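What follows is a short report on a single structure.
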Amino acid sequence: MKGRKNLPGNRSDPGWEHGIDVDSTNRRVQCKYCGVIRSGGVYRLKHHLAGTSCNVEACPNVPEEVKHKFIDLLRTHTEESQKKKRSRYGIDDDNDDDEVEQVKKRKGKNTMDCFVTKTKKLSIYI
């Protein structure tokens, strides 16, 4: 069994070359290019460096080659994740993501939908 990539002392994830662990218990990481400190760990740091705007703002100072490196890395990770989903639910590569969702709903036992209820968001302004 492989060890986790992000345990303290085992920082093999490529994101750690571009960030500093500020507080490992709260997963706070500082960007080496702009100095911003964010929670969310190396996952969010990679999105910050790639400029995906996925739950984090883009780094204004990241070099273009680093930005493209992380865009490619995240794209590869997404493709691998999709392949795992497809193989898990027995979907051919010719079919689209909508069919994956339909199979998930039919199987039912692999989703948490029966345990979750939707509620309205409450906005409180002070």
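Each chain in the structure tokens gets a letter, A, B, ..., in the order shown, and its residues are numbered from 1; ligands are numbered from 1 in order too.
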**Q.** Shell of 12 Å around Asn55 of chain A, only C-alpha atoms, local chain residues under 2 positions omitted, as a PyMOL selection string
**A.** chain A and resi 38-40+43-48+51-53+57-58
With all heavy atoms retained, write the just-selected residues as a short mmCIF file (atom, residue, chain, number, x, y, z; two decimals), in the first residue's frame.
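Just written: selection05.cif:
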```
data_model
loop_
_atom_site.label_atom_id
_atom_site.label_comp_id
_atom_site.auth_asym_id
_atom_site.auth_seq_id
_atom_site.Cartn_x
_atom_site.Cartn_y
_atom_site.Cartn_z
N ARG A 38 -3.25 30.53 2.34
CA ARG A 38 -4.61 30.02 2.19
C ARG A 38 -4.75 28.67 2.86
O ARG A 38 -3.81 27.89 2.93
CB ARG A 38 -4.97 29.84 0.70
CG ARG A 38 -5.05 31.11 -0.05
CD ARG A 38 -6.39 31.75 0.23
NE ARG A 38 -6.51 32.96 -0.54
CZ ARG A 38 -6.92 34.11 -0.04
NH1 ARG A 38 -7.25 34.20 1.21
NH2 ARG A 38 -7.01 35.17 -0.79
N SER A 39 -5.95 28.37 3.32
CA SER A 39 -6.25 27.03 3.80
C SER A 39 -6.62 26.19 2.59
O SER A 39 -6.83 26.69 1.50
CB SER A 39 -7.39 27.07 4.81
OG SER A 39 -8.55 27.57 4.19
N GLY A 40 -6.69 24.90 2.78
CA GLY A 40 -7.07 24.01 1.70
C GLY A 40 -5.93 23.13 1.25
O GLY A 40 -6.10 22.28 0.38
N TYR A 43 -3.74 20.96 -2.53
CA TYR A 43 -4.75 20.88 -3.58
C TYR A 43 -5.15 22.27 -4.05
O TYR A 43 -5.14 22.59 -5.23
CB TYR A 43 -5.98 20.11 -3.06
CG TYR A 43 -7.16 20.16 -3.99
CD1 TYR A 43 -7.25 19.26 -5.05
CD2 TYR A 43 -8.19 21.08 -3.82
CE1 TYR A 43 -8.34 19.29 -5.91
CE2 TYR A 43 -9.27 21.12 -4.67
CZ TYR A 43 -9.34 20.22 -5.72
OH TYR A 43 -10.40 20.26 -6.58
N ARG A 44 -5.48 23.12 -3.09
CA ARG A 44 -5.90 24.47 -3.43
C ARG A 44 -4.73 25.31 -3.95
O ARG A 44 -4.90 26.16 -4.81
CB ARG A 44 -6.53 25.15 -2.22
CG ARG A 44 -7.47 26.26 -2.64
CD ARG A 44 -8.33 26.74 -1.53
NE ARG A 44 -9.50 25.87 -1.36
CZ ARG A 44 -10.36 26.01 -0.39
NH1 ARG A 44 -10.20 26.94 0.52
NH2 ARG A 44 -11.39 25.21 -0.29
N LEU A 45 -3.51 25.04 -3.45
CA LEU A 45 -2.33 25.73 -3.95
C LEU A 45 -2.12 25.45 -5.43
O LEU A 45 -1.81 26.35 -6.22
CB LEU A 45 -1.08 25.32 -3.16
CG LEU A 45 0.23 25.90 -3.68
CD1 LEU A 45 0.30 27.40 -3.45
CD2 LEU A 45 1.42 25.20 -3.04
N LYS A 46 -2.32 24.20 -5.84
CA LYS A 46 -2.15 23.85 -7.26
C LYS A 46 -3.15 24.59 -8.13
O LYS A 46 -2.80 25.07 -9.21
CB LYS A 46 -2.26 22.33 -7.45
CG LYS A 46 -1.06 21.59 -6.88
CD LYS A 46 -1.08 20.12 -7.21
CE LYS A 46 -1.99 19.36 -6.30
NZ LYS A 46 -1.85 17.90 -6.43
N HIS A 47 -4.38 24.73 -7.67
CA HIS A 47 -5.38 25.50 -8.43
C HIS A 47 -5.03 26.98 -8.45
O HIS A 47 -5.24 27.66 -9.45
CB HIS A 47 -6.78 25.27 -7.85
CG HIS A 47 -7.36 23.96 -8.25
ND1 HIS A 47 -8.02 23.78 -9.45
CD2 HIS A 47 -7.37 22.76 -7.64
CE1 HIS A 47 -8.42 22.53 -9.54
NE2 HIS A 47 -8.03 21.88 -8.46
N HIS A 48 -4.46 27.48 -7.36
CA HIS A 48 -4.01 28.87 -7.28
C HIS A 48 -2.91 29.11 -8.33
O HIS A 48 -2.94 30.10 -9.06
CB HIS A 48 -3.49 29.13 -5.86
CG HIS A 48 -2.79 30.43 -5.66
ND1 HIS A 48 -3.46 31.64 -5.66
CD2 HIS A 48 -1.49 30.71 -5.42
CE1 HIS A 48 -2.58 32.62 -5.44
NE2 HIS A 48 -1.37 32.08 -5.29
N GLY A 51 -4.25 28.87 -11.92
CA GLY A 51 -5.18 29.93 -12.27
C GLY A 51 -6.54 29.44 -12.69
O GLY A 51 -7.21 30.06 -13.49
N THR A 52 -6.98 28.31 -12.11
CA THR A 52 -8.27 27.74 -12.50
C THR A 52 -9.45 28.46 -11.88
O THR A 52 -10.58 28.24 -12.30
CB THR A 52 -8.36 26.26 -12.08
OG1 THR A 52 -8.30 26.18 -10.66
CG2 THR A 52 -7.27 25.42 -12.72
N SER A 53 -9.23 29.26 -10.86
CA SER A 53 -10.29 29.94 -10.11
C SER A 53 -11.24 28.95 -9.46
O SER A 53 -12.39 29.24 -9.23
CB SER A 53 -11.06 30.91 -11.01
OG SER A 53 -10.20 31.90 -11.51
N GLU A 57 -8.35 32.29 -5.79
CA GLU A 57 -7.99 33.24 -6.85
C GLU A 57 -6.67 32.82 -7.49
O GLU A 57 -5.86 32.13 -6.88
CB GLU A 57 -7.90 34.67 -6.32
CG GLU A 57 -6.64 35.00 -5.57
CD GLU A 57 -6.58 34.45 -4.14
OE1 GLU A 57 -7.59 33.92 -3.64
OE2 GLU A 57 -5.50 34.55 -3.53
N ALA A 58 -6.45 33.25 -8.72
CA ALA A 58 -5.22 32.92 -9.45
C ALA A 58 -4.04 33.72 -8.90
O ALA A 58 -4.20 34.85 -8.45
CB ALA A 58 -5.41 33.24 -10.93
#
```
Could you give me, as a short mmCIF file (atom, residue, chain, number, x, y, z; two decimals) with C-alpha atoms, in the first residue's frame, the residues within 7 Å of segment 63-72 of chain A, counting only C-alpha atoms and dropping anything in the same chain fewer than 3 positions from it?
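File written: selection11.cif
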```
data_model
loop_
_atom_site.label_atom_id
_atom_site.label_comp_id
_atom_site.auth_asym_id
_atom_site.auth_seq_id
_atom_site.Cartn_x
_atom_site.Cartn_y
_atom_site.Cartn_z
CA LYS A 46 -2.15 23.85 -7.26
CA LEU A 49 -0.85 28.34 -9.35
CA ALA A 50 -2.73 27.03 -12.38
CA ARG A 75 -5.94 18.04 -16.44
CA THR A 76 -4.16 14.67 -16.17
#
```
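With atom CA of Val62 of chain A on one side and atom CA of Tyr33 of chain A on the other, the separation reads 5.8 Å.
Computed from the coordinates, the atom CA of Glu17 of chain A to atom CA of Val29 of chain A distance equals 11.6 Å.
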Q: Compare A:Ile91, A:Val56, A:Val42, A:Leu74 by their minimum atom-to-atom distance to Ser24 of chain A, counting only C-alpha atoms, and give me the closest one.
A: A:Val42
Q.
What's around Gly35 of chain A at 10 Å? Count only C-alpha atoms, leave out sequence neighbours fewer than 2 positions away in its own chain, and write the answer as a PyMOL selection string.
A. chain A and resi 19-20+29-33+37-38+59+61
